[in-house]
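> File run.cif below, mmCIF, C-alpha atoms (C1' of nucleotides):
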```cif
data_upload
#
loop_
_atom_site.group_PDB
_atom_site.id
_atom_site.type_symbol
_atom_site.label_atom_id
_atom_site.label_comp_id
_atom_site.auth_asym_id
_atom_site.auth_seq_id
_atom_site.Cartn_x
_atom_site.Cartn_y
_atom_site.Cartn_z
ATOM 1 C CA MET A 29 30.774 5.392 16.188
ATOM 2 C CA THR A 30 27.082 6.277 16.375
ATOM 3 C CA LYS A 31 26.095 8.072 13.205
ATOM 4 C CA PRO A 32 24.658 11.573 13.372
ATOM 5 C CA ILE A 33 20.882 11.695 12.994
ATOM 6 C CA TYR A 34 20.970 13.270 9.566
ATOM 7 C CA GLU A 35 23.019 10.380 8.211
ATOM 8 C CA VAL A 36 20.597 7.820 9.549
ATOM 9 C CA LYS A 37 17.708 9.805 8.114
ATOM 10 C CA ALA A 38 19.390 10.123 4.736
ATOM 11 C CA GLN A 39 20.080 6.404 4.712
ATOM 12 C CA PHE A 40 16.464 5.764 5.551
ATOM 13 C CA PHE A 41 15.195 7.931 2.690
ATOM 14 C CA LYS A 42 17.687 6.340 0.362
ATOM 15 C CA THR A 43 16.119 2.996 1.155
ATOM 16 C CA LEU A 44 12.789 4.373 -0.013
ATOM 17 C CA GLY A 45 14.340 5.847 -3.122
ATOM 18 C CA HIS A 46 13.462 3.128 -5.573
ATOM 19 C CA PRO A 47 10.198 2.642 -7.474
ATOM 20 C CA ALA A 48 10.001 -1.089 -6.807
ATOM 21 C CA ARG A 49 10.504 -0.605 -3.081
ATOM 22 C CA ILE A 50 7.771 2.021 -2.959
ATOM 23 C CA ARG A 51 5.563 -0.302 -4.955
ATOM 24 C CA VAL A 52 6.161 -3.098 -2.447
ATOM 25 C CA LEU A 53 5.096 -0.856 0.393
ATOM 26 C CA GLU A 54 1.999 0.270 -1.466
ATOM 27 C CA VAL A 55 0.997 -3.350 -1.989
ATOM 28 C CA LEU A 56 1.764 -4.240 1.627
ATOM 29 C CA ALA A 57 -0.612 -1.455 2.647
ATOM 30 C CA GLY A 58 -3.281 -3.985 1.739
ATOM 31 C CA GLY A 59 -1.884 -6.456 4.254
ATOM 32 C CA PRO A 60 0.885 -9.090 4.397
ATOM 33 C CA ARG A 61 1.856 -10.784 1.147
ATOM 34 C CA SER A 62 4.106 -13.604 0.070
ATOM 35 C CA VAL A 63 6.853 -12.952 -2.459
ATOM 36 C CA SER A 64 4.901 -14.624 -5.248
ATOM 37 C CA GLU A 65 1.872 -12.519 -4.421
ATOM 38 C CA LEU A 66 3.996 -9.385 -4.556
ATOM 39 C CA GLN A 67 5.688 -10.282 -7.782
ATOM 40 C CA PRO A 68 2.931 -9.590 -10.332
ATOM 41 C CA ASP A 69 2.114 -6.234 -8.727
ATOM 42 C CA VAL A 70 5.693 -5.101 -8.454
ATOM 43 C CA GLY A 71 6.647 -6.591 -11.769
ATOM 44 C CA LEU A 72 10.265 -7.543 -11.177
ATOM 45 C CA GLU A 73 12.062 -10.730 -12.005
ATOM 46 C CA ALA A 74 11.971 -12.995 -8.933
ATOM 47 C CA SER A 75 15.587 -12.671 -7.879
ATOM 48 C CA HIS A 76 15.556 -8.939 -8.334
ATOM 49 C CA LEU A 77 12.454 -8.619 -6.206
ATOM 50 C CA SER A 78 14.099 -10.745 -3.587
ATOM 51 C CA GLN A 79 17.053 -8.369 -3.556
ATOM 52 C CA GLN A 80 14.833 -5.332 -3.175
ATOM 53 C CA LEU A 81 12.936 -7.015 -0.366
ATOM 54 C CA SER A 82 16.220 -7.722 1.287
ATOM 55 C CA VAL A 83 17.073 -4.010 1.133
ATOM 56 C CA LEU A 84 13.807 -3.161 2.861
ATOM 57 C CA ARG A 85 14.329 -5.956 5.370
ATOM 58 C CA LYS A 86 17.843 -4.865 6.293
ATOM 59 C CA ALA A 87 16.534 -1.352 6.829
ATOM 60 C CA GLY A 88 13.929 -2.748 9.198
ATOM 61 C CA ILE A 89 11.074 -1.372 7.106
ATOM 62 C CA VAL A 90 9.535 -4.748 6.355
ATOM 63 C CA GLN A 91 9.808 -8.113 8.025
ATOM 64 C CA ALA A 92 9.380 -11.643 6.732
ATOM 65 C CA GLU A 93 7.900 -14.659 8.367
ATOM 66 C CA ARG A 94 8.140 -18.121 6.957
ATOM 67 C CA GLN A 95 4.880 -19.933 6.376
ATOM 68 C CA GLY A 96 5.335 -23.320 4.847
ATOM 69 C CA SER A 97 7.426 -22.811 1.772
ATOM 70 C CA SER A 98 6.627 -19.113 1.381
ATOM 71 C CA GLN A 99 7.878 -16.015 3.104
ATOM 72 C CA ILE A 100 5.141 -13.660 4.164
ATOM 73 C CA TYR A 101 6.236 -10.038 4.108
ATOM 74 C CA SER A 102 4.637 -7.242 6.086
ATOM 75 C CA VAL A 103 5.596 -3.731 7.125
ATOM 76 C CA THR A 104 7.277 -3.469 10.490
ATOM 77 C CA ASP A 105 5.665 -0.208 11.495
ATOM 78 C CA PRO A 106 2.423 1.092 9.992
ATOM 79 C CA GLN A 107 3.705 4.629 10.524
ATOM 80 C CA ILE A 108 5.445 4.092 7.201
ATOM 81 C CA PHE A 109 2.102 4.660 5.518
ATOM 82 C CA GLU A 110 1.783 7.994 7.250
ATOM 83 C CA LEU A 111 5.162 8.860 5.791
ATOM 84 C CA LEU A 112 4.041 7.847 2.319
ATOM 85 C CA ASN A 113 0.928 9.957 2.712
ATOM 86 C CA VAL A 114 2.798 13.052 3.791
ATOM 87 C CA ALA A 115 5.090 12.499 0.827
ATOM 88 C CA LYS A 116 2.110 12.283 -1.475
ATOM 89 C CA GLN A 117 0.762 15.530 -0.056
ATOM 90 C CA LEU A 118 4.082 17.235 -0.620
ATOM 91 C CA ILE A 119 4.204 16.003 -4.180
ATOM 92 C CA ILE A 120 0.696 17.222 -4.890
ATOM 93 C CA THR A 121 1.421 20.629 -3.413
ATOM 94 C CA SER A 122 4.658 20.816 -5.302
ATOM 95 C CA LEU A 123 2.980 19.886 -8.568
ATOM 96 C CA SER A 124 0.685 22.857 -8.203
ATOM 97 C CA GLY A 125 3.836 24.948 -8.132
ATOM 98 C CA THR A 126 5.634 23.698 -11.223
ATOM 99 C CA GLU A 127 3.833 24.943 -14.277
ATOM 100 C CA ASP A 128 4.805 22.268 -16.740
ATOM 101 C CA MET A 129 3.639 19.356 -14.620
ATOM 102 C CA LEU A 130 0.413 21.133 -13.828
ATOM 103 C CA ALA A 131 -0.092 21.691 -17.517
ATOM 104 C CA GLU A 132 0.449 18.005 -18.052
ATOM 105 C CA LEU A 133 -2.163 17.154 -15.443
ATOM 106 C CA ASP A 134 -4.447 19.647 -17.096
ATOM 107 C CA SER A 135 -4.093 18.060 -20.474
ATOM 108 C CA MET A 136 -4.986 14.740 -18.912
ATOM 109 C CA ASN A 137 -8.244 16.125 -17.633
ATOM 110 C CA TYR A 138 -9.230 18.162 -20.627
ATOM 111 C CA GLN A 139 -8.931 15.501 -23.265
ATOM 112 C CA PRO A 140 -11.937 13.241 -22.897
ATOM 113 C CA GLY A 141 -10.855 11.112 -25.835
ATOM 114 C CA ARG A 142 -7.770 9.835 -23.968
ATOM 115 C CA LYS A 143 -7.648 6.620 -22.021
ATOM 116 C CA LYS A 144 -7.100 8.128 -18.600
ATOM 117 C CA GLY A 145 -6.840 4.838 -16.769
ATOM 118 C CA SER A 146 -4.116 3.550 -19.024
ATOM 119 C CA LYS A 147 -1.184 4.438 -16.776
ATOM 120 C CA ARG A 148 0.459 1.674 -14.743
ATOM 121 C CA MET B 28 4.261 10.371 -20.478
ATOM 122 C CA THR B 29 3.105 11.001 -16.919
ATOM 123 C CA LYS B 30 5.106 8.879 -14.530
ATOM 124 C CA PRO B 31 3.305 6.498 -12.222
ATOM 125 C CA ILE B 32 2.941 7.805 -8.695
ATOM 126 C CA TYR B 33 5.380 5.335 -7.190
ATOM 127 C CA GLU B 34 8.115 6.556 -9.501
ATOM 128 C CA VAL B 35 7.549 10.153 -8.549
ATOM 129 C CA LYS B 36 7.546 9.181 -4.887
ATOM 130 C CA ALA B 37 10.718 7.149 -5.241
ATOM 131 C CA GLN B 38 12.382 10.064 -7.005
ATOM 132 C CA PHE B 39 11.276 12.353 -4.228
ATOM 133 C CA PHE B 40 12.735 10.114 -1.517
ATOM 134 C CA LYS B 41 15.899 9.725 -3.531
ATOM 135 C CA THR B 42 16.288 13.475 -3.414
ATOM 136 C CA LEU B 43 16.206 13.283 0.372
ATOM 137 C CA GLY B 44 18.667 10.412 0.411
ATOM 138 C CA HIS B 45 21.818 12.344 1.117
ATOM 139 C CA PRO B 46 23.154 13.501 4.489
ATOM 140 C CA ALA B 47 24.045 16.983 3.271
ATOM 141 C CA ARG B 48 20.606 17.540 1.816
ATOM 142 C CA ILE B 49 18.939 16.458 5.039
ATOM 143 C CA ARG B 50 21.314 18.725 6.923
ATOM 144 C CA VAL B 51 20.323 21.653 4.709
ATOM 145 C CA LEU B 52 16.669 21.058 5.495
ATOM 146 C CA GLU B 53 17.370 20.797 9.199
ATOM 147 C CA VAL B 54 19.149 24.132 9.110
ATOM 148 C CA LEU B 55 16.393 25.715 7.009
ATOM 149 C CA ALA B 56 13.946 24.632 9.705
ATOM 150 C CA GLY B 57 15.355 27.608 11.577
ATOM 151 C CA GLY B 58 14.346 29.927 8.756
ATOM 152 C CA PRO B 59 15.763 31.098 5.414
ATOM 153 C CA ARG B 60 19.545 31.129 5.015
ATOM 154 C CA SER B 61 22.033 32.267 2.434
ATOM 155 C CA VAL B 62 24.480 29.773 0.970
ATOM 156 C CA SER B 63 27.330 31.138 3.044
ATOM 157 C CA GLU B 64 25.227 30.853 6.172
ATOM 158 C CA LEU B 65 24.422 27.251 5.324
ATOM 159 C CA GLN B 66 27.960 26.322 4.537
ATOM 160 C CA PRO B 67 29.498 26.062 7.995
ATOM 161 C CA ASP B 68 26.551 24.040 9.291
ATOM 162 C CA VAL B 69 26.439 21.676 6.364
ATOM 163 C CA GLY B 70 30.191 21.500 6.098
ATOM 164 C CA LEU B 71 30.658 21.049 2.350
ATOM 165 C CA GLU B 72 33.022 22.764 -0.013
ATOM 166 C CA ALA B 73 31.158 25.697 -1.624
ATOM 167 C CA SER B 74 30.687 24.257 -5.088
ATOM 168 C CA HIS B 75 29.583 20.938 -3.727
ATOM 169 C CA LEU B 76 27.009 22.602 -1.493
ATOM 170 C CA SER B 77 25.802 24.565 -4.484
ATOM 171 C CA GLN B 78 25.286 21.324 -6.364
ATOM 172 C CA GLN B 79 23.330 19.764 -3.535
ATOM 173 C CA LEU B 80 21.186 22.876 -3.249
ATOM 174 C CA SER B 81 20.539 22.631 -6.943
ATOM 175 C CA VAL B 82 19.299 19.059 -6.475
ATOM 176 C CA LEU B 83 16.864 20.214 -3.811
ATOM 177 C CA ARG B 84 15.842 23.179 -5.959
ATOM 178 C CA LYS B 85 15.155 21.099 -9.025
ATOM 179 C CA ALA B 86 13.011 18.781 -6.924
ATOM 180 C CA GLY B 87 11.034 21.801 -5.756
ATOM 181 C CA ILE B 88 11.872 21.151 -2.114
ATOM 182 C CA VAL B 89 13.673 24.430 -1.577
ATOM 183 C CA GLN B 90 13.598 27.729 -3.392
ATOM 184 C CA ALA B 91 16.127 30.514 -3.752
ATOM 185 C CA GLU B 92 15.655 34.222 -3.891
ATOM 186 C CA ARG B 93 18.391 36.628 -4.767
ATOM 187 C CA GLN B 94 19.128 39.319 -2.245
ATOM 188 C CA GLY B 95 21.967 41.536 -3.300
ATOM 189 C CA SER B 96 24.874 39.266 -4.006
ATOM 190 C CA SER B 97 23.555 36.330 -2.007
ATOM 191 C CA GLN B 98 20.934 33.726 -2.659
ATOM 192 C CA ILE B 99 18.555 33.170 0.214
ATOM 193 C CA TYR B 100 17.296 29.603 0.401
ATOM 194 C CA SER B 101 14.104 28.501 2.110
ATOM 195 C CA VAL B 102 11.894 25.423 2.049
ATOM 196 C CA THR B 103 9.053 25.575 -0.432
ATOM 197 C CA ASP B 104 6.549 23.753 1.735
ATOM 198 C CA PRO B 105 6.816 23.493 5.525
ATOM 199 C CA GLN B 106 5.111 20.094 5.320
ATOM 200 C CA ILE B 107 8.602 18.802 4.609
ATOM 201 C CA PHE B 108 9.316 19.160 8.315
ATOM 202 C CA GLU B 109 6.341 16.987 9.104
ATOM 203 C CA LEU B 110 7.867 14.402 6.791
ATOM 204 C CA LEU B 111 11.206 14.643 8.567
ATOM 205 C CA ASN B 112 9.463 14.223 11.895
ATOM 206 C CA VAL B 113 7.539 11.148 10.855
ATOM 207 C CA ALA B 114 10.822 9.755 9.561
ATOM 208 C CA LYS B 115 12.465 10.458 12.894
ATOM 209 C CA GLN B 116 9.655 8.651 14.681
ATOM 210 C CA LEU B 117 10.020 5.652 12.403
ATOM 211 C CA ILE B 118 13.737 5.552 13.028
ATOM 212 C CA ILE B 119 13.288 5.731 16.776
ATOM 213 C CA THR B 120 10.692 2.961 16.742
ATOM 214 C CA SER B 121 12.859 0.895 14.491
ATOM 215 C CA LEU B 122 15.899 1.372 16.702
ATOM 216 C CA SER B 123 13.988 -0.135 19.590
ATOM 217 C CA GLY B 124 13.556 -3.183 17.383
ATOM 218 C CA THR B 125 17.120 -3.839 16.247
ATOM 219 C CA GLU B 126 19.101 -5.231 19.141
ATOM 220 C CA ASP B 127 22.549 -4.184 18.050
ATOM 221 C CA MET B 128 21.736 -0.521 17.636
ATOM 222 C CA LEU B 129 19.891 -0.494 20.901
ATOM 223 C CA ALA B 130 22.920 -2.043 22.529
ATOM 224 C CA GLU B 131 25.008 0.717 21.027
ATOM 225 C CA LEU B 132 22.690 3.340 22.449
ATOM 226 C CA ASP B 133 22.893 1.533 25.749
ATOM 227 C CA SER B 134 26.641 1.605 25.809
ATOM 228 C CA MET B 135 26.480 5.334 25.226
ATOM 229 C CA ASN B 136 24.444 5.773 28.345
ATOM 230 C CA TYR B 137 26.353 3.433 30.567
ATOM 231 C CA GLN B 138 29.810 4.869 30.104
ATOM 232 C CA PRO B 139 29.922 8.088 32.097
ATOM 233 C CA GLY B 140 33.520 8.690 31.128
ATOM 234 C CA ARG B 141 32.585 9.260 27.498
ATOM 235 C CA LYS B 142 31.899 12.647 25.988
ATOM 236 C CA LYS B 143 28.253 12.114 25.200
ATOM 237 C CA GLY B 144 27.656 15.530 23.723
ATOM 238 C CA SER B 145 30.500 15.252 21.292
ATOM 239 C CA LYS B 146 28.453 14.236 18.289
ATOM 240 C CA ARG B 147 27.363 16.928 15.784
ATOM 241 C "C1'" DT C 23 36.103 49.822 -15.205
ATOM 242 C "C1'" DG C 24 38.629 46.515 -12.235
ATOM 243 C "C1'" DA C 25 39.038 43.858 -8.125
ATOM 244 C "C1'" DC C 26 36.526 41.227 -5.109
ATOM 245 C "C1'" DT C 27 32.778 38.308 -3.074
ATOM 246 C "C1'" DA C 28 29.045 35.020 -3.573
ATOM 247 C "C1'" DT C 29 27.291 31.415 -5.972
ATOM 248 C "C1'" DA C 30 26.733 28.220 -10.040
ATOM 249 C "C1'" DT C 31 28.173 25.074 -13.592
ATOM 250 C "C1'" DG C 32 30.965 21.495 -15.972
ATOM 251 C "C1'" DA C 33 34.199 17.614 -16.445
ATOM 252 C "C1'" DG C 34 35.889 13.514 -14.807
ATOM 253 C "C1'" DG C 35 37.475 9.804 -11.421
ATOM 254 C "C1'" DA C 36 35.902 6.915 -7.715
ATOM 255 C "C1'" DG C 37 32.389 4.664 -5.551
ATOM 256 C "C1'" DT C 38 27.580 2.829 -5.369
ATOM 257 C "C1'" DT C 39 23.233 0.988 -7.202
ATOM 258 C "C1'" DT C 40 20.560 -1.532 -10.362
ATOM 259 C "C1'" DC C 41 19.551 -5.429 -12.921
ATOM 260 C "C1'" DT C 42 20.500 -10.020 -15.178
ATOM 261 C "C1'" DC C 43 21.975 -14.544 -15.056
ATOM 262 C "C1'" DA C 44 23.633 -18.551 -12.687
ATOM 263 C "C1'" DT C 45 23.493 -21.103 -8.614
ATOM 264 C "C1'" DG C 46 22.180 -22.149 -3.631
ATOM 265 C "C1'" DT C 47 18.975 -23.216 0.112
ATOM 266 C "C1'" DT C 48 14.812 -24.749 2.273
ATOM 267 C "C1'" DG C 49 10.428 -26.756 2.344
ATOM 268 C "C1'" DT C 50 6.728 -29.893 0.300
ATOM 269 C "C1'" DC C 51 4.880 -33.843 -1.459
ATOM 270 C "C1'" DA C 52 4.877 -38.190 -3.812
ATOM 271 C "C1'" DT D 22 14.706 -40.106 -1.276
ATOM 272 C "C1'" DG D 23 14.036 -37.384 -5.461
ATOM 273 C "C1'" DA D 24 11.653 -33.880 -8.013
ATOM 274 C "C1'" DC D 25 9.674 -29.603 -7.716
ATOM 275 C "C1'" DA D 26 8.370 -24.953 -5.945
ATOM 276 C "C1'" DA D 27 9.522 -20.710 -3.463
ATOM 277 C "C1'" DC D 28 12.822 -17.815 -2.315
ATOM 278 C "C1'" DA D 29 17.755 -16.028 -1.537
ATOM 279 C "C1'" DT D 30 22.470 -15.071 -2.730
ATOM 280 C "C1'" DG D 31 26.565 -13.913 -5.602
ATOM 281 C "C1'" DA D 32 29.095 -12.029 -9.589
ATOM 282 C "C1'" DG D 33 29.585 -8.707 -12.921
ATOM 283 C "C1'" DA D 34 28.339 -5.109 -16.580
ATOM 284 C "C1'" DA D 35 25.906 -0.762 -17.203
ATOM 285 C "C1'" DA D 36 24.149 3.310 -15.239
ATOM 286 C "C1'" DC D 37 24.078 6.559 -11.813
ATOM 287 C "C1'" DT D 38 25.731 9.562 -7.750
ATOM 288 C "C1'" DC D 39 29.206 11.913 -5.207
ATOM 289 C "C1'" DC D 40 32.928 14.812 -4.769
ATOM 290 C "C1'" DT D 41 36.981 17.641 -6.367
ATOM 291 C "C1'" DC D 42 38.950 20.926 -9.148
ATOM 292 C "C1'" DA D 43 38.731 24.393 -12.628
ATOM 293 C "C1'" DT D 44 36.070 27.864 -14.578
ATOM 294 C "C1'" DA D 45 31.905 30.888 -15.247
ATOM 295 C "C1'" DT D 46 28.461 34.336 -13.957
ATOM 296 C "C1'" DA D 47 26.383 38.072 -11.275
ATOM 297 C "C1'" DG D 48 26.538 41.642 -7.912
ATOM 298 C "C1'" DT D 49 29.087 45.254 -5.123
ATOM 299 C "C1'" DC D 50 32.047 48.832 -4.301
ATOM 300 C "C1'" DA D 51 36.018 51.758 -5.009
#
```
Let's see the structure in the file written out as structure tokens.

Amino acid sequence: MTKPIYEVKAQFFKTLGHPARIRVLEVLAGGPRSVSELQPDVGLEASHLSQQLSVLRKAGIVQAERQGSSQIYSVTDPQIFELLNVAKQLIITSLSGTEDMLAELDSMNYQPGRKKGSKR
Amino acid sequence: MTKPIYEVKAQFFKTLGHPARIRVLEVLAGGPRSVSELQPDVGLEASHLSQQLSVLRKAGIVQAERQGSSQIYSVTDPQIFELLNVAKQLIITSLSGTEDMLAELDSMNYQPGRKKGSKR
DNA sequence: TGACTATATGAGGAGTTTCTCATGTTGTCA
DNA sequence: TGACAACATGAGAAACTCCTCATATAGTCA
């Protein structure tokens, strides 16, 4: 009952298809972190974060190691960051194609009065 | 109201998180195709395929061009194939890590009586 | 124009995911 | 041992996604 490749791939992408899970990976790019270190950056309620981490863990994308009373999470395979980078590239390229989003970016740059750093 | 990067990324991966949509991209790797050319390979009922194509279109991952009575679909940015390849690599590496799946692969190789080529 | 082909859109049930709240487990430290 | 901290798990409502079926639109060709 081995699944066809495209199903495994789709499942894999699905696992990445959640803002909090992406956020976790972005933070882990800076090195291993405990759950309580992740929490403020990801900004989820503790149990919810735990659930999202469990999704990433079950997919084999991150791994946890107990250290005293904390669990230290880290990515299993640094290639994941390459994937995130290619995705970013694709998004940038694609933004240049869709007029409205480009316009939005434009307006961000051309209005010096706006707090540009206020996102996030 | 610009979305934070991790939301856009998550949305992007979500778009890839469906077997049929991955399948479409795999077929389009061989060059542009009309909907009716895609259909047998993807194996969805026509209207369902149309809906999935619309998801990919709205995400800017594929584009359609009318040619007579057919729509010819193609990928917008060939970098998407790089993404699919990195994903494949990650999956392969990750398979080597999870014992059960490796065992499954093993059993495929060690049973000569089985039709190995029967998938897909 | 009418019949036909190719593709798209909409509505709705079934299934899945997300998130909250309550509770469980495991480790630390006094 | 008991109290506390750090994390995980489970149940359930709300929101979303998938898929089917019915219908719509656009192009071709007689």
> Applied to this file, what does the PyMOL selection byres ((chain B) within 7 of (chain A)) return in terms of residues, put as a PyMOL selection string?
chain B and resi 31+33-34+37-38+40-41+43-46+49-50+87+106+110+113-114+117+121+146-147
> So what do you get for C1' of DT46 in chain D versus C1' of DG35 in chain C, distance-wise?
26.3 Å
> Translate the PyMOL selection byres ((chain B) within 9 of (chain C)), as applied to the file shown, into an explicit residue set as a list in words.
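What the PyMOL selection byres ((chain B) within 9 of (chain C)) grabs from the file is Val62, Ser63, Ala73, Ser74, Ser77, Gln78, Ser81, Ser96, Ser97 and Gln98 of chain B.
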> Taking only C-alpha atoms (C1' of nucleotides) into account, which residues of chain D are within 12 Å of chain B, as an mmCIF file with C-alpha atoms (C1' of nucleotides), in the coordinates of the input?

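Result file follows (iface09.cif):
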```cif
data_model
loop_
_atom_site.group_PDB
_atom_site.id
_atom_site.type_symbol
_atom_site.label_atom_id
_atom_site.label_comp_id
_atom_site.auth_asym_id
_atom_site.auth_seq_id
_atom_site.Cartn_x
_atom_site.Cartn_y
_atom_site.Cartn_z
ATOM 1 C "C1'" DT D 38 25.731 9.562 -7.750
ATOM 2 C "C1'" DC D 39 29.206 11.913 -5.207
ATOM 3 C "C1'" DC D 40 32.928 14.812 -4.769
ATOM 4 C "C1'" DT D 41 36.981 17.641 -6.367
ATOM 5 C "C1'" DC D 42 38.950 20.926 -9.148
ATOM 6 C "C1'" DA D 43 38.731 24.393 -12.628
ATOM 7 C "C1'" DT D 44 36.070 27.864 -14.578
ATOM 8 C "C1'" DT D 46 28.461 34.336 -13.957
ATOM 9 C "C1'" DA D 47 26.383 38.072 -11.275
ATOM 10 C "C1'" DG D 48 26.538 41.642 -7.912
ATOM 11 C "C1'" DT D 49 29.087 45.254 -5.123
ATOM 12 C "C1'" DC D 50 32.047 48.832 -4.301
#
```
> Just give me the gap between CA of Gln91 in chain A and C1' of DT30 in chain D in Å, one decimal is fine.
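Answer for the CA of Gln91 in chain A to C1' of DT30 in chain D separation: 18.0 Å.
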> Quick one: pull the distance between CA of Val55 in chain A and CA of Val103 in chain A, Å, one decimal.
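We find that CA of Val55 in chain A and CA of Val103 in chain A lie 10.2 Å from each other.
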> Suppose a student applies the PyMOL selection byres ((chain A and resi 61) around 6) to this structure; what residues should they get, written as a list in words?
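Checked against the file, the PyMOL selection byres ((chain A and resi 61) around 6) matches Pro60, Ser62, Glu65, Ile100 and Tyr101 of chain A.
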> Find the smallest box with edges along x, y and z containing every listed atom of range 54-73 of chain B, then add 8 Å on each side and report centre and edge lengths in Å to one decimal, as JSON.

```
{"center_x": 23.5, "center_y": 26.7, "center_z": 5.0, "size_x": 35.1, "size_y": 27.2, "size_z": 29.2}
```
